[in-house]
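What's in final13.txt: compact mmCIF, C-alpha atoms
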# COMPACT_ATOMS: atom_id res chain seq x y z
CA MET I 6 108.81 301.15 203.28
CA THR I 7 111.39 300.99 200.53
CA ALA I 8 110.84 302.73 197.22
CA PRO I 9 109.98 300.46 194.30
CA ILE I 10 112.79 299.46 192.00
CA ARG I 11 112.20 300.80 188.50
CA ILE I 12 113.82 298.89 185.68
CA THR I 13 113.25 298.16 182.02
CA VAL I 14 113.07 294.61 180.68
CA ASN I 15 113.38 294.28 176.92
CA GLY I 16 112.54 297.93 176.55
CA ALA I 17 109.38 297.89 178.70
CA PRO I 18 109.28 299.64 182.09
CA ARG I 19 108.67 297.46 185.12
CA GLU I 20 108.49 297.99 188.86
CA LEU I 21 109.74 295.54 191.42
CA ALA I 22 108.58 295.69 195.05
CA ALA I 23 111.83 294.20 196.30
CA PRO I 24 115.42 293.84 195.05
CA LEU I 25 115.05 290.48 193.34
CA THR I 26 117.85 288.27 192.12
CA PHE I 27 117.92 287.47 188.41
CA SER I 28 116.58 283.98 189.17
CA GLN I 29 113.61 285.53 190.98
CA LEU I 30 113.00 287.99 188.16
CA LEU I 31 113.00 285.20 185.58
CA ASP I 32 110.55 283.27 187.79
CA GLU I 33 108.30 286.32 187.90
CA LEU I 34 108.49 286.61 184.10
CA ALA I 35 107.61 282.91 183.71
CA LEU I 36 110.95 282.38 181.98
CA ALA I 37 112.67 280.19 184.55
CA GLY I 38 114.43 277.17 183.14
CA ARG I 39 114.30 278.38 179.55
CA ARG I 40 117.38 278.63 177.36
CA LEU I 41 118.12 282.34 177.33
CA ALA I 42 120.81 284.91 177.96
CA VAL I 43 120.66 288.07 180.04
CA GLU I 44 122.37 291.43 179.73
CA ARG I 45 122.30 294.21 182.33
CA ASN I 46 123.24 297.73 181.23
CA GLY I 47 125.15 296.31 178.29
CA GLU I 48 127.05 293.68 180.29
CA ILE I 49 126.40 289.93 180.20
CA VAL I 50 125.03 288.43 183.42
CA PRO I 51 126.36 284.85 183.40
CA ARG I 52 123.79 282.15 184.17
CA SER I 53 125.98 281.01 187.04
CA ARG I 54 125.31 284.35 188.78
CA PHE I 55 121.50 284.42 188.36
CA GLY I 56 121.02 283.14 191.90
CA GLU I 57 123.10 285.81 193.61
CA ALA I 58 123.19 288.91 191.38
CA ARG I 59 120.51 291.41 192.40
CA ILE I 60 118.53 293.76 190.23
CA GLU I 61 119.21 297.41 190.99
CA ASP I 62 117.12 300.50 190.47
CA GLY I 63 117.52 301.84 186.94
CA ASP I 64 118.81 298.60 185.45
CA ARG I 65 118.19 298.11 181.76
CA ILE I 66 117.80 294.39 181.28
CA GLU I 67 117.69 292.43 178.06
CA VAL I 68 116.56 288.81 177.96
CA VAL I 69 117.17 287.07 174.64
CA MET I 70 116.68 283.69 173.04
CA ALA I 71 117.44 281.95 169.75
CA VAL I 72 114.76 282.31 167.07
CA GLY I 73 114.42 281.30 163.45
CA GLY I 74 116.46 283.46 161.15
CA GLY I 75 119.04 283.23 158.47
CA GLU I 76 120.43 286.27 156.90
CA MET G 3 135.03 251.58 147.35
CA ASN G 4 131.82 253.31 146.44
CA ALA G 5 131.52 256.95 145.64
CA PRO G 6 129.35 258.14 148.54
CA GLU G 7 131.86 256.76 151.05
CA ARG G 8 134.67 258.48 149.28
CA ILE G 9 132.76 261.76 149.37
CA ALA G 10 131.79 261.48 153.00
CA GLY G 11 135.15 260.21 154.14
CA THR G 12 137.68 262.50 152.62
CA ASP G 13 136.08 265.65 151.27
CA THR G 14 134.99 267.64 154.26
CA LEU G 15 134.43 271.29 154.98
CA VAL G 16 136.79 272.39 157.74
CA VAL G 17 135.73 275.52 159.62
CA ALA G 18 137.55 276.70 162.74
CA GLY G 19 139.25 273.32 163.11
CA ARG G 20 136.12 271.20 162.89
CA SER G 21 135.17 268.97 159.93
CA TYR G 22 131.71 268.79 158.41
CA GLY G 23 130.45 266.30 155.85
CA SER G 24 127.90 268.75 154.46
CA ARG G 25 128.86 271.91 152.62
CA LEU G 26 125.32 273.28 152.82
CA LEU G 27 124.58 275.64 155.70
CA VAL G 28 120.99 276.67 156.28
CA GLY G 29 119.02 279.37 158.02
CA THR G 30 115.97 278.75 160.18
CA GLY G 31 113.74 281.70 159.30
CA LYS G 32 110.57 282.09 157.23
CA TYR G 33 109.22 278.57 157.79
CA ARG G 34 105.54 277.97 158.55
CA ASP G 35 106.28 276.35 161.91
CA PHE G 36 108.96 274.50 163.82
CA ASP G 37 107.88 271.17 162.39
CA GLU G 38 108.50 272.37 158.85
CA THR G 39 111.79 273.91 160.00
CA ARG G 40 112.90 270.59 161.45
CA ARG G 41 111.86 268.52 158.43
CA ALA G 42 113.47 270.88 155.92
CA ILE G 43 116.73 271.02 157.82
CA GLU G 44 116.82 267.24 158.11
CA ALA G 45 116.23 266.94 154.36
CA SER G 46 119.01 269.44 153.63
CA GLY G 47 121.58 267.32 155.43
CA ALA G 48 123.03 270.54 156.88
CA GLU G 49 125.15 270.24 160.00
CA ILE G 50 125.64 273.96 160.57
CA VAL G 51 122.40 275.83 161.18
CA THR G 52 122.17 279.55 161.70
CA VAL G 53 119.78 281.18 164.19
CA ALA G 54 118.91 284.76 165.09
CA ILE G 55 119.02 286.24 168.60
CA ARG G 56 115.97 288.20 169.70
CA ARG G 57 114.28 289.52 172.82
CA THR G 58 112.22 286.95 174.67
CA ASN G 59 108.50 287.62 174.79
CA ILE G 60 107.64 288.75 178.29
CA GLY G 61 104.43 287.62 179.92
CA GLN G 62 103.06 285.74 176.94
CA ASN G 63 103.44 282.30 175.40
CA ALA G 64 105.15 281.00 178.50
CA GLY G 65 104.90 277.45 177.22
CA GLU G 66 105.85 278.15 173.61
CA PRO G 67 108.39 275.73 172.11
CA ASN G 68 111.97 276.83 171.77
CA LEU G 69 113.84 276.63 168.46
CA LEU G 70 116.75 274.94 170.18
CA ASP G 71 114.43 272.14 171.33
CA VAL G 72 113.71 271.47 167.65
CA LEU G 73 117.36 271.84 166.63
CA PRO G 74 119.33 270.43 169.54
CA PRO G 75 122.86 271.86 169.81
CA ALA G 76 124.08 268.32 170.53
CA ARG G 77 123.12 267.37 166.97
CA TYR G 78 123.68 270.58 165.00
CA THR G 79 126.39 273.21 165.13
CA ILE G 80 124.29 276.23 165.98
CA LEU G 81 125.61 279.35 164.29
CA PRO G 82 124.17 282.45 165.94
CA ASN G 83 123.95 285.40 163.57
CA THR G 84 123.62 289.15 163.86
CA ALA G 85 120.84 289.56 161.32
CA GLY G 86 119.14 292.89 161.89
CA CYS G 87 122.23 294.63 163.31
CA TYR G 88 123.26 297.86 161.64
CA THR G 89 126.27 298.78 163.79
CA ALA G 90 129.40 296.96 164.91
CA GLN G 91 128.42 297.66 168.52
CA ASP G 92 125.01 295.97 168.19
CA ALA G 93 126.55 293.00 166.42
CA VAL G 94 129.19 292.50 169.10
CA ARG G 95 126.59 292.82 171.89
CA THR G 96 124.33 290.29 170.16
CA LEU G 97 127.12 287.75 169.79
CA ARG G 98 128.26 288.13 173.39
CA LEU G 99 124.70 287.26 174.39
CA ALA G 100 124.71 284.37 171.92
CA ARG G 101 127.90 282.97 173.41
CA GLU G 102 126.31 283.04 176.84
CA LEU G 103 123.12 281.49 175.47
CA LEU G 104 125.05 278.65 173.84
CA ASP G 105 127.32 277.84 176.78
CA GLY G 106 130.48 279.45 175.48
CA HIS G 107 130.13 278.34 171.85
CA SER G 108 132.32 280.72 169.87
CA LEU G 109 131.57 280.05 166.17
CA VAL G 110 129.37 282.89 164.95
CA LYS G 111 128.03 284.46 161.80
CA LEU G 112 128.72 288.17 161.68
CA GLU G 113 126.62 290.37 159.48
CA VAL G 114 126.28 294.10 159.79
CA LEU G 115 123.72 295.54 157.43
CA ALA G 116 123.77 298.92 155.77
CA ASP G 117 120.12 299.60 155.03
CA ALA G 118 116.79 297.84 155.23
CA ASP G 119 116.04 298.07 151.51
CA THR G 120 119.08 296.23 150.21
CA LEU G 121 120.30 294.47 153.37
CA PHE G 122 123.68 295.07 151.80
CA PRO G 123 126.59 294.55 154.20
CA ASN G 124 128.07 297.66 155.80
CA MET G 125 131.70 296.74 155.32
CA PRO G 126 133.38 299.37 157.54
CA GLU G 127 131.16 298.27 160.45
CA THR G 128 131.67 294.59 159.57
CA LEU G 129 135.45 295.01 159.68
CA ALA G 130 135.27 296.89 162.99
CA ALA G 131 133.05 294.22 164.55
CA ALA G 132 135.25 291.40 163.23
CA LYS G 133 138.30 292.97 164.84
CA THR G 134 136.63 293.16 168.25
CA LEU G 135 135.14 289.68 168.02
CA VAL G 136 138.40 288.02 166.97
CA ALA G 137 140.15 289.76 169.87
CA GLU G 138 137.50 288.36 172.23
CA GLY G 139 138.09 284.80 171.01
CA PHE G 140 135.13 284.42 168.68
CA GLN G 141 135.50 282.35 165.54
CA VAL G 142 133.94 284.64 163.01
CA MET G 143 132.25 283.68 159.76
CA ALA G 144 131.74 287.05 158.12
CA TYR G 145 128.99 287.93 155.67
CA CYS G 146 130.49 290.43 153.24
CA SER G 147 130.29 292.12 149.89
CA ASP G 148 132.00 290.43 146.95
CA ASP G 149 134.91 292.88 147.05
CA PRO G 150 138.08 290.75 146.98
CA ILE G 151 140.15 293.35 148.83
CA LEU G 152 137.74 293.62 151.76
CA ALA G 153 137.30 289.83 151.83
CA LYS G 154 141.07 289.48 152.13
CA GLN G 155 141.11 292.02 154.96
CA LEU G 156 138.60 289.90 156.87
CA GLU G 157 140.86 286.89 156.43
CA ASP G 158 143.92 288.86 157.49
CA MET G 159 142.28 290.01 160.71
CA GLY G 160 141.59 286.41 161.68
CA CYS G 161 138.09 285.50 160.50
CA ALA G 162 137.43 281.75 160.36
CA ALA G 163 135.51 282.01 157.09
CA VAL G 164 134.47 284.69 154.64
CA MET G 165 130.96 284.66 153.17
CA PRO G 166 130.43 286.95 150.18
CA LEU G 167 126.93 287.48 148.84
CA ALA G 168 125.82 286.00 145.53
CA SER G 169 123.10 288.67 145.36
CA LEU G 170 120.88 290.49 147.85
CA ILE G 171 119.62 288.60 150.90
CA GLY G 172 116.30 286.92 150.19
CA SER G 173 116.23 288.07 146.57
CA GLY G 174 116.79 284.68 144.94
CA MET G 175 118.56 286.45 142.10
CA GLY G 176 121.36 283.90 141.96
CA ILE G 177 125.04 284.54 141.33
CA LEU G 178 125.40 287.99 139.81
CA ASN G 179 129.16 288.31 139.82
CA PRO G 180 130.92 284.96 139.51
CA TRP G 181 134.10 286.76 138.51
CA ASN G 182 134.49 288.54 141.84
CA LEU G 183 133.61 285.37 143.73
CA GLN G 184 136.29 283.56 141.73
CA ILE G 185 138.93 286.13 142.67
CA ILE G 186 137.96 285.78 146.35
CA ILE G 187 138.07 281.97 146.17
CA ASP G 188 141.45 282.06 144.44
CA ARG G 189 143.05 284.54 146.82
CA LEU G 190 141.85 283.42 150.25
CA GLU G 191 143.11 280.55 152.36
CA VAL G 192 140.17 280.42 154.78
CA PRO G 193 136.92 278.81 153.64
CA VAL G 194 134.83 280.96 151.30
CA LEU G 195 131.09 280.31 151.48
CA VAL G 196 128.58 281.96 149.22
CA ASP G 197 125.91 283.45 151.45
CA ALA G 198 122.70 285.13 150.29
CA GLY G 199 120.99 285.33 146.94
CA ILE G 200 120.74 281.66 146.02
CA GLY G 201 117.34 281.14 144.38
CA THR G 202 117.30 277.60 143.10
CA ALA G 203 119.34 274.43 143.02
CA SER G 204 121.37 275.31 139.92
CA ASP G 205 122.58 278.50 141.65
CA ALA G 206 124.02 276.39 144.45
CA THR G 207 125.69 274.07 141.97
CA ILE G 208 127.25 276.98 140.10
CA ALA G 209 128.58 278.40 143.37
CA MET G 210 130.19 275.09 144.22
CA GLU G 211 131.57 274.67 140.70
CA LEU G 212 133.36 277.98 141.14
CA GLY G 213 135.29 276.22 143.89
CA CYS G 214 133.75 277.81 146.93
CA ASP G 215 133.83 275.75 150.12
CA GLY G 216 130.15 275.89 150.91
CA VAL G 217 126.86 277.67 150.48
CA LEU G 218 124.57 279.23 153.07
CA MET G 219 120.92 279.80 152.27
CA ASN G 220 117.53 280.22 153.89
CA THR G 221 114.84 281.77 151.73
CA ALA G 222 115.47 279.57 148.68
CA ILE G 223 114.40 276.61 150.81
CA ALA G 224 111.85 278.18 153.15
CA LYS G 225 109.95 280.00 150.40
CA ALA G 226 109.95 277.20 147.85
CA ARG G 227 106.50 275.74 147.17
CA ASP G 228 107.66 272.57 148.91
CA PRO G 229 110.43 273.54 151.32
CA VAL G 230 111.30 270.00 152.42
CA ARG G 231 111.70 268.85 148.84
CA MET G 232 113.75 271.93 147.93
CA ALA G 233 115.98 271.29 150.94
CA HIS G 234 116.74 267.88 149.48
CA ALA G 235 117.31 269.41 146.04
CA MET G 236 119.81 271.84 147.56
CA LYS G 237 121.65 268.99 149.28
CA LEU G 238 122.03 267.23 145.93
CA ALA G 239 122.92 270.47 144.14
CA VAL G 240 125.72 271.31 146.55
CA GLU G 241 127.07 267.78 146.36
CA ALA G 242 126.86 267.77 142.56
CA GLY G 243 128.62 271.11 142.30
CA ARG G 244 131.37 270.03 144.65
CA GLU G 245 131.93 266.76 142.83
CA SER G 246 131.92 268.57 139.51
CA PHE G 247 134.50 271.05 140.80
CA LEU G 248 136.73 268.25 142.08
CA ALA G 249 136.32 266.26 138.88
CA GLY G 250 137.36 269.24 136.78
CA ARG G 251 135.16 270.15 133.86
CA MET G 252 136.20 269.59 130.24
CA PRO G 253 137.62 272.61 128.46
CA LYS G 254 135.12 274.74 126.62
CA LYS G 255 135.65 274.62 122.86
CA PRO G 256 133.52 277.34 121.33
CA TYR G 257 132.05 276.40 117.96
CA GLN G 258 134.12 273.22 117.76
CA ALA G 259 131.87 270.19 117.67
CA SER G 260 133.47 266.87 118.54
CA ALA G 261 131.52 263.62 118.11
CA SER G 262 131.64 261.10 120.93
CA SER G 263 130.77 258.20 118.63
CA PRO G 264 133.23 256.54 116.23
CA THR G 265 133.31 258.21 112.83
CA GLU G 266 134.10 254.83 111.20
CA GLY G 267 131.76 251.87 110.65
CA LEU G 268 128.55 253.67 109.86
CA ILE G 269 126.12 251.27 108.13
CA ALA G 270 125.24 253.67 105.39
CA ALA G 271 128.82 254.67 104.62
CA LYS G 272 129.34 255.23 100.97
CA SER G 273 132.65 254.81 99.21
Re-express the file's structure as structure tokens.
Amino acid sequence: MTAPIRITVNGAPRELAAPLTFSQLLDELALAGRRLAVERNGEIVPRSRFGEARIEDGDRIEVVMAVGGGE
Amino acid sequence: MNAPERIAGTDTLVVAGRSYGSRLLVGTGKYRDFDETRRAIEASGAEIVTVAIRRTNIGQNAGEPNLLDVLPPARYTILPNTAGCYTAQDAVRTLRLARELLDGHSLVKLEVLADADTLFPNMPETLAAAKTLVAEGFQVMAYCSDDPILAKQLEDMGCAAVMPLASLIGSGMGILNPWNLQIIIDRLEVPVLVDAGIGTASDATIAMELGCDGVLMNTAIAKARDPVRMAHAMKLAVEAGRESFLAGRMPKKPYQASASSPTEGLIAAKS
């Protein structure tokens, strides 16, 4: 049995049972298909790579969206 | 030829190579809901609309509407901003995410704040972030203090527009230092937009009469008693100020009255 993958998503700790791709993670977070952008350990993960790039143990992931705001 | 056509046809705001008919830019915060946001922005006539970038809620509100569904990027130029960033590093990270979010769109509003009480711009961090962003191909509209020297430095490092404050963000205090704004407008080649501090329509008109290229505001509209109506007032105010600037005001003649009516032919004239 493989050890769980421990990551943080938007600052909150999370455990994954398997090394998901970003697409699978977004599915699990009920965020699939939404207009958002993802960063892993300070680096952008392009949307075009969501299907292949895999989450790794210790990843710090940020998922952001546009919200109302001005100044 | 009627006047509105002339205005719409020839007098445009050009930012980063693109022309806009409206010189009013608006924020999207502090509204009651997305419907009010949408109606106010429509009433404002704005074509450039600024949005903030924030963490997505995880595991809640899965079906909640998205701001960009209300303000489709096909219709509006979406201007992601770095509101809430206090370091150059955070601002640059935020805008890299924004560029990914908006499919490579590179026009951004940079603001790096100094402290939460004044929301005054941290100019050393703003300059550092602008340098990095310009090098990475961003077209940077930079929120800044009304210091003409620093504003010029932002232009020199390649910013697409410079946006000095009229007064503190969200304060509605109006234009506190028209003299500094005038120096900035006179000295810079890139568009100068007054950003922050506008409280009411006359403030926007005064900004435009100074000769600035545009005005960006949020709270003055969103926190008016009737935001949709104020959005329309701001549209008219910016247009009036621009037309007034282009028309060129009459010279001020202190203490020198000058009648507009003929001084001859009065019915009660006595010899």
Hey, what's within 7 Å of Arg65 (chain I) if we count all atoms listed in the file and toss same-chain stuff fewer than 4 positions away? As a PDB file with C-alpha atoms, in the frame of the given file, please?
ATOM      1  CA  ILE I  12     113.820 298.890 185.680  1.00  0.00           C
ATOM      2  CA  THR I  13     113.250 298.160 182.020  1.00  0.00           C
ATOM      3  CA  VAL I  14     113.070 294.610 180.680  1.00  0.00           C
ATOM      4  CA  ARG I  45     122.300 294.210 182.330  1.00  0.00           C
ATOM      5  CA  ASN I  46     123.240 297.730 181.230  1.00  0.00           C
TER       6      ASN I  46
END
Please produce, as CSV, a per-residue contact table for chain G versus chain I (criterion: any atom at most 6 Å away, all atoms listed in the file considered), showing the nearest atom pair and its distance in Å to one decimal, sorted by chain then residue number.
residue,atom,partner,partner_atom,distance
G:Gly29,CA,I:Gly75,CA,3.9
G:Thr30,CA,I:Gly73,CA,4.4
G:Gly31,CA,I:Gly74,CA,3.7
G:Thr52,CA,I:Gly75,CA,5.8
G:Val53,CA,I:Gly74,CA,5.0
G:Ala54,CA,I:Gly74,CA,4.8
G:Ile55,CA,I:Ala71,CA,4.7
G:Arg56,CA,I:Val69,CA,5.2
G:Arg57,CA,I:Val69,CA,4.2
G:Thr58,CA,I:Val69,CA,5.0
G:Gly61,CA,I:Leu34,CA,5.9
G:Leu69,CA,I:Val72,CA,5.9
G:Ala85,CA,I:Glu76,CA,5.5
G:Leu99,CA,I:Ala42,CA,5.8
G:Glu102,CA,I:Ala42,CA,5.9
G:Leu103,CA,I:Ala42,CA,4.8
G:Asn220,CA,I:Gly75,CA,5.7
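Residues with any atom within 9 Å of Ala58 (chain I), counting only C-alpha atoms and excluding same-chain neighbours fewer than 5 positions away, are Leu25, Thr26, Phe27, Ser28 and Val50 of chain I.
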Take the residues that were just selected and, keeping C-alpha atoms, output them as a compact mmCIF listing (two decimals), in the frame of the given file.
# COMPACT_ATOMS: atom_id res chain seq x y z
CA LEU I 25 115.05 290.48 193.34
CA THR I 26 117.85 288.27 192.12
CA PHE I 27 117.92 287.47 188.41
CA SER I 28 116.58 283.98 189.17
CA VAL I 50 125.03 288.43 183.42
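Among G:Phe140, G:Ala93, G:Ser262, G:Leu190, the residue with the shortest atom-to-atom distance to Leu156 (chain G), counting only C-alpha atoms, is G:Leu190.
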Exercise for the section: Would you list the contacts of Thr84 (chain G) as a PyMOL selection string, taking every protein, DNA or RNA residue within 8 Å and counting all atoms listed in the file, but skipping same-chain residues closer than 2 positions in sequence? Expected result: chain G and resi 54-55+82+86-87+93+96-97+111-114
Handout entry: Counting only C-alpha atoms, the residue of G:Leu70, G:Trp181, G:Tyr33, G:Gly213 that sits nearest Ala249 (chain G)
Key = G:Gly213
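Minimum atom-to-atom distance to Leu27 (chain G), evaluated using all atoms listed in the file, belongs to G:Ala48 out of G:Leu238, G:Ala132, G:Ile80, G:Ala48.
Between CA of Val110 (chain G) and CA of Leu129 (chain G) the separation is 14.5 Å.
Across the model, the gap from CA of Ile186 (chain G) to CA of Ala235 (chain G) is 26.4 Å.
Distance-wise, CA of Lys255 (chain G) and CA of Gln184 (chain G) end up 20.9 Å apart.
With distances restricted to only C-alpha atoms, I:Glu61 is the closest residue to Glu20 (chain I) from I:Asp32, I:Gly38, I:Glu61, I:Gly56.
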